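Peer 1: Please find one structure pasted underneath; my questions will follow.
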Amino acid sequence: MFVFDLQATLPDFALRVALDVGRETLVLIGPSGCGKSTLLSMLAGIRKPGEGRIVLDDEILFDASARIDLPPERRRIGYVLQQYALFPHLTVRDNIAFGVRGIAAAERERRMRDVVALLRIEALLDGRPTEISGGERQRVAIARALVTQPRALVLDEPLAALDVEHRSRIRLELRSILARLNTPTIVVSHDYEDARVLGDRIAVMNLGGIVQVATSAELIRHPASEFVARFCGTNLVEVTIAGTRTLAAFDPWRAVLARTPSGAQHEFAGHVVDVARLGAALRVHVEGERSLFVDLHVEEGAVAYDAGDAVYVSVTAADLRPYLPPSA
Amino acid sequence: MIVTERASRRRAPRAVPVAPWLVVLATLALAYFLLPLVAVFFRLPFPGLVEKLQSPQAFGALALSLKTSIVALVASIAIGTPLAYWLARARGRFVRVVETFMQMPIVVPPAVAGVGLLLVFGRSGYAGPALHALGITIPFTPVAVVLAQIFTGAPFFIFSAKQAFEGVDHDLVSVARTLGSTPTNAFARVTLPLAFSGLLSGAVLCWARSLGEFGATIVFAGNFPNSTQTLPLAIYTALDSSLELAVAMSALLLTVAFVLLFAVRLVDRGRTT
């Protein structure tokens with residue numbers, strides 16, 4: 001178990017994050033600059049939090065009030081950075097062996113064989129980090145961390161440095177690697193797609209804190225805020241149901257788009273800001289009081305909405321999912 | 001400096017056509033720099049050069065130069081490395097001020113540096129009474145030669161080392177820490193190997209500068225044969241009596257400088273390929 005509750009004062013805002021990670025992959029998503037990477041460096045012991053504590057497998061790694069602050073080399077947390085930070089002066093083999101130099105040769109060889117097989121990087125061992133591709137570098141960086149048998153693994157934007165054309169394949173590979181580990185893992189990303197594919201659970205973070213922690217299905221069904229809804233590509237609106245104001249989510253493909261008001265009970269005015277094509281669907285992004293997505297079938301696209309068009313988005317009561325706060 | 005030159009070579013810019021007049025100007029500039037150096041070697045036939053150098057005066061000066069400059073180099077590396085690392089990693093206005101001050105010795109005329117050292121370490125200098133009480137005399141001794149060389153040479157090492165340390169991505173050090181390295185260990189296994197060629201360039205510049213040190217030495221250490229008369233001072237002294245001897249010693253100093261420069265480039269190439 002990897003449990004922490006940390007506070008830090010960053011130049012532009014205060015950060016406060018409390019999470020509880022089991023033997024699972026938790027993906028922390030949020031916009032750039034919301035403090036995700038800072039949080040990981042605090043967990044790894046590179047940065048010092050202001051307040052709080054970090055407990056890993058019943059060992060206290062950090063406790064501000066008890067003045068406990070284990071240095072990174074004693075935390076046994078594997079840390080994989082966005083640019084992978086492979087040592088350029090060492091071969092791939094020596095990179096992987098970096099953290100196991102002190103242990104007995106037989107054990108070291110066994111561990112090396114295991115991670116090399118797990119990550120399928122046998123062919124790369126004698127090369128230099130500069131000679132291999134981005135996806136290969138990622139695997140080497142993960143191998144280098146895993147060979148030390150960390151008690152937890154933190155990955156900072158592991159897919160951000162990759163080309164778009166390889167990203168989805170490498171994402172799936174990463175999922176299968178992470179699925180075979182029995183280690184609490186935190187992956188930081190700004191991309192909901194990464195979170196959906198990799199995460200057993202997803203923690204959505206906005207400037208300074210966690211907004212919601214849930215599975216991807218749950219996030220889409222009941223986003224806790226418009227921010228979460230936008231992040232996972234669903235709609236969240238404020239509506240009156242049975243006399244009470246409440247937040248409710250609805251799927252973009254359930255929404256109806258029109259140029260004139262239909263008089264429906266749940267209708268929202270706005271204007272089109274973008275029209276994106278997703279397979280057989282056109283996703284129309286409407287900005288009004290709220291930011292909304294409406295999916296149209298390509299054939300309906302004959303209506304040809306353009307950026308700037310004034311439109312009305314409506315949804316039937318049956319398609320609305322009222323958001324139930326966790327306390328209720 | 002050697003550091004920046006290497007960095008640009010690595011990027012390997014494509015050759016582009018150059019105007020003929022530019023070639024002419026470049027050739028003139030090159031001649032200006034090379035002719036005086038070549039002249040030193042062609043003034044005397046080679047056996048004459050070697051014979052001249054066997055005089056006790058030349059030999060004593062060479063031995064003193066080598067001894068003092070090596071001590072100065074070791075001391076410069078010892079005091080310069082922590083300072084350079086701190087300058088490379090620390091942030092803030094104070095650091096920038098220190099950085100500017102550390103470049104002062106590079107621009108200060110050596111004779112002025114000599115006067116300054118005299119004002120601090122001289123008998124009537126700030127540290128003079130304390131040193132005198134301990135029975136230590138520095139000015140006009142070989143120790144003064146070393147101090148003068150450190151003062152004028154070390155900043156070259158520090159500047160180059162700072163650049164080299166800055167070039168090492170701090171993420172690499174962070175990762176080394178999470179892989180079990182103590183700060184000292186991470187420095188030895190990551191920072192040092194990656195900064196090595198920059199440190200080496202800096203050390204060579206520092207050594208070359210110490211070997212050639214003249215102004216601060218003559219002011220602070222004097223010009224006493226076998227005690228403070230280094231090779232550059234011996235050359236200056238010999239000009240009064242024997243131009244041939246001065247030329248021969250110049251050729252020797254120049255050879256050492258060439259060998260140093262060449263050795264560094266060789267080591268450097270070995271590391272980058």
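We label chains A, B, ... in the order they appear in the structure tokens, count residues from 1 in each chain, and number ligands from 1 in the order shown.
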With 6 Å as the cut-off and only C-alpha atoms counted, what is the closest atom pair between each nearby residue of chain B and chain A? Distances in Å to one decimal, ordered by chain and number, as CSV.
Peer 2:
```
residue,atom,partner,partner_atom,distance
B:Leu172,CA,A:Ala85,CA,5.4
B:Arg177,CA,A:Glu73,CA,5.1
B:Thr178,CA,A:Pro72,CA,4.9
B:Leu179,CA,A:Gly99,CA,4.7
B:Gly180,CA,A:Glu73,CA,3.9
B:Ser181,CA,A:Glu73,CA,5.6
```
Peer 1: Need to verify the contact set: Arg321 in chain A, 9 Å, only C-alpha atoms, exclusion of same-chain residues closer than 5 positions in sequence. Can you return it as an MDAnalysis selection string?
Peer 2: chainID A and resid 221:222 247:250
Peer 1: Could you check which of B:Val256, B:Leu194, B:Ile158, B:Val219 is closest to Ile77 in chain B, using only C-alpha atoms?
Peer 2: B:Ile158
Peer 1: Please measure the separation of CA of Leu198 in chain A and CA of Thr25 in chain A, giving the value in Å to one decimal.
Peer 2: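 Computed distance, CA of Leu198 in chain A to CA of Thr25 in chain A, equals 7.0 Å.
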Peer 1: Give me, as a ChimeraX atom specification, all polymer residues having an atom no more than 12 Å from Val108 in chain B, counting only C-alpha atoms and skipping those fewer than 3 positions away in the same chain.
Peer 2: /B:101-105,111-116,151-153,155,215-216
Peer 1: Pick the closest to Val175 in chain B from A:Leu155, A:Ile68, A:Ala104, A:Val115: which is it, counting only C-alpha atoms?
Peer 2: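 Closest to Val175 in chain B of all the choices is A:Leu155.
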Peer 1: When distances are computed from only C-alpha atoms, which of A:Arg151, A:Tyr323, A:Phe13, A:Arg137 shows the smallest separation from Leu181 in chain A?
Peer 2: A:Arg151
Peer 1: Using DSSP on the backbone coordinates, identify the residues of range 261-314 of chain A assigned to strand (DSSP E); present them as a count of residues only.
Peer 2: 32
Peer 1: Using only C-alpha atoms, which residues sit within 12 Å of range 81-87 of chain B once same-chain residues fewer than 2 positions away are excluded, as number ranges by chain?
Peer 2: B: 73-79, 89-103, 154-168, 170, 187, 191-192, 195-196, 198-200, 202-203
Peer 1: Using backbone DSSP assignments, extract all helix (DSSP H, G or I) residues from range 60-291 of chain A; output them as an MDAnalysis selection string.
Peer 2: chainID A and resid 72:74 92:100 105:119 122:124 129:131 134:146 164:179 192:198 216:221 226:231 252:254
Peer 1: Need the shell around range 269-281 of chain A: protein/DNA/RNA residues with any atom at most 7 Å away, counting only C-alpha atoms. Skip same-chain ones fewer than 4 positions apart. Format as a PyMOL selection string?
Peer 2: chain A and resi 285-288+295-298+306-313
Peer 1: Which residues come within 8 Å of range 229-237 of chain A, counting only C-alpha atoms, excluding same-chain residues fewer than 4 positions away, as an MDAnalysis selection string?
Peer 2: chainID A and resid 30 192 219:220 223:225 247:252 290:293
Peer 1: Produce a file of the selected residues containing all heavy atoms, as a short mmCIF file (atom, residue, chain, number, x, y, z; two decimals), in the first residue's frame.
Peer 2:
```
data_model
loop_
_atom_site.label_atom_id
_atom_site.label_comp_id
_atom_site.auth_asym_id
_atom_site.auth_seq_id
_atom_site.Cartn_x
_atom_site.Cartn_y
_atom_site.Cartn_z
N GLY A 30 -4.39 15.56 -15.49
CA GLY A 30 -4.69 16.95 -15.23
C GLY A 30 -3.91 17.79 -16.22
O GLY A 30 -3.03 17.28 -16.89
N TYR A 192 -6.39 12.01 -21.45
CA TYR A 192 -7.41 11.10 -20.91
C TYR A 192 -7.28 9.70 -21.51
O TYR A 192 -7.53 8.70 -20.84
CB TYR A 192 -8.81 11.66 -21.19
CG TYR A 192 -9.88 10.71 -20.70
CD1 TYR A 192 -10.14 10.60 -19.33
CD2 TYR A 192 -10.58 9.90 -21.58
CE1 TYR A 192 -11.07 9.71 -18.86
CE2 TYR A 192 -11.52 8.99 -21.12
CZ TYR A 192 -11.77 8.90 -19.76
OH TYR A 192 -12.68 8.01 -19.28
N LEU A 219 -16.05 7.78 -14.17
CA LEU A 219 -15.78 9.19 -14.47
C LEU A 219 -16.72 9.70 -15.55
O LEU A 219 -17.23 10.80 -15.47
CB LEU A 219 -14.34 9.37 -14.96
CG LEU A 219 -13.23 9.51 -13.94
CD1 LEU A 219 -11.93 9.83 -14.67
CD2 LEU A 219 -13.54 10.60 -12.94
N ILE A 220 -16.90 8.86 -16.59
CA ILE A 220 -17.74 9.30 -17.69
C ILE A 220 -19.22 9.33 -17.28
O ILE A 220 -19.96 10.24 -17.63
CB ILE A 220 -17.52 8.40 -18.93
CG1 ILE A 220 -16.14 8.70 -19.50
CG2 ILE A 220 -18.60 8.62 -19.97
CD1 ILE A 220 -15.76 7.92 -20.72
N PRO A 223 -19.23 12.45 -13.84
CA PRO A 223 -18.11 13.37 -13.60
C PRO A 223 -18.43 14.33 -12.45
O PRO A 223 -19.56 14.82 -12.36
CB PRO A 223 -17.97 14.11 -14.93
CG PRO A 223 -19.28 13.96 -15.62
CD PRO A 223 -19.87 12.67 -15.15
N ALA A 224 -17.47 14.57 -11.62
CA ALA A 224 -17.72 15.38 -10.42
C ALA A 224 -17.74 16.87 -10.71
O ALA A 224 -18.23 17.65 -9.91
CB ALA A 224 -16.66 15.08 -9.36
N SER A 225 -17.15 17.26 -11.83
CA SER A 225 -17.17 18.69 -12.14
C SER A 225 -17.09 18.85 -13.65
O SER A 225 -16.78 17.90 -14.37
CB SER A 225 -15.98 19.39 -11.48
OG SER A 225 -14.79 19.02 -12.13
N LEU A 247 -26.22 18.80 -10.62
CA LEU A 247 -25.37 18.58 -11.78
C LEU A 247 -25.75 17.26 -12.42
O LEU A 247 -26.06 16.30 -11.72
CB LEU A 247 -23.89 18.53 -11.36
CG LEU A 247 -23.26 19.87 -10.95
CD1 LEU A 247 -21.87 19.64 -10.37
CD2 LEU A 247 -23.19 20.82 -12.14
N ALA A 248 -25.75 17.23 -13.74
CA ALA A 248 -26.07 15.98 -14.42
C ALA A 248 -25.20 15.83 -15.65
O ALA A 248 -24.86 16.82 -16.31
CB ALA A 248 -27.53 15.96 -14.80
N ALA A 249 -24.82 14.60 -15.93
CA ALA A 249 -23.99 14.33 -17.10
C ALA A 249 -24.84 13.75 -18.22
O ALA A 249 -25.85 13.11 -17.96
CB ALA A 249 -22.89 13.34 -16.71
N PHE A 250 -24.44 13.97 -19.47
CA PHE A 250 -25.06 13.24 -20.58
C PHE A 250 -24.03 12.99 -21.66
O PHE A 250 -23.05 13.72 -21.80
CB PHE A 250 -26.30 13.95 -21.10
CG PHE A 250 -26.06 15.33 -21.68
CD1 PHE A 250 -25.81 15.48 -23.04
CD2 PHE A 250 -26.10 16.45 -20.86
CE1 PHE A 250 -25.61 16.74 -23.58
CE2 PHE A 250 -25.88 17.72 -21.40
CZ PHE A 250 -25.64 17.87 -22.76
N ASP A 251 -24.24 11.91 -22.43
CA ASP A 251 -23.28 11.51 -23.44
C ASP A 251 -23.43 12.38 -24.69
O ASP A 251 -24.55 12.72 -25.07
CB ASP A 251 -23.50 10.04 -23.82
CG ASP A 251 -23.29 9.12 -22.63
OD1 ASP A 251 -22.34 9.39 -21.86
OD2 ASP A 251 -24.09 8.19 -22.45
N PRO A 252 -22.32 12.68 -25.32
CA PRO A 252 -22.38 13.54 -26.51
C PRO A 252 -23.28 12.97 -27.60
O PRO A 252 -23.88 13.72 -28.37
CB PRO A 252 -20.92 13.59 -26.98
CG PRO A 252 -20.11 13.29 -25.76
CD PRO A 252 -20.94 12.36 -24.94
N ARG A 290 -21.89 26.66 -20.66
CA ARG A 290 -21.04 25.50 -20.39
C ARG A 290 -20.37 25.09 -21.69
O ARG A 290 -20.82 25.45 -22.77
CB ARG A 290 -21.90 24.32 -19.91
CG ARG A 290 -22.59 24.59 -18.60
CD ARG A 290 -21.85 23.91 -17.51
NE ARG A 290 -22.43 24.18 -16.20
CZ ARG A 290 -21.93 23.69 -15.09
NH1 ARG A 290 -20.88 22.91 -15.13
NH2 ARG A 290 -22.46 23.97 -13.93
N SER A 291 -19.31 24.29 -21.53
CA SER A 291 -18.67 23.75 -22.71
C SER A 291 -19.27 22.36 -22.97
O SER A 291 -19.29 21.51 -22.08
CB SER A 291 -17.17 23.63 -22.42
OG SER A 291 -16.53 23.11 -23.54
N LEU A 292 -19.85 22.13 -24.16
CA LEU A 292 -20.56 20.88 -24.43
C LEU A 292 -20.05 20.23 -25.71
O LEU A 292 -19.56 20.89 -26.62
CB LEU A 292 -22.06 21.16 -24.59
CG LEU A 292 -22.77 21.80 -23.39
CD1 LEU A 292 -24.16 22.24 -23.77
CD2 LEU A 292 -22.80 20.83 -22.21
N PHE A 293 -20.17 18.89 -25.73
CA PHE A 293 -19.85 18.14 -26.95
C PHE A 293 -21.12 17.49 -27.48
O PHE A 293 -21.91 16.95 -26.71
CB PHE A 293 -18.83 17.05 -26.67
CG PHE A 293 -17.49 17.58 -26.24
CD1 PHE A 293 -17.08 17.46 -24.93
CD2 PHE A 293 -16.66 18.20 -27.16
CE1 PHE A 293 -15.85 17.95 -24.53
CE2 PHE A 293 -15.41 18.69 -26.77
CZ PHE A 293 -15.01 18.57 -25.45
#
```
Peer 1: For a test of reading the model, state the distance in Å between CA of Thr183 in chain A and CA of Asp114 in chain A, rounded to one decimal.
Peer 2: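 According to the coordinates, CA of Thr183 in chain A and CA of Asp114 in chain A are separated by 15.7 Å.
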Peer 1: Of the candidates A:Leu207, A:Ile29, A:Ala317, A:Val92, which one gets nearest to Arg128 in chain A if we count only C-alpha atoms?
Peer 2: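 Closest residue, counting only C-alpha atoms: A:Val92.
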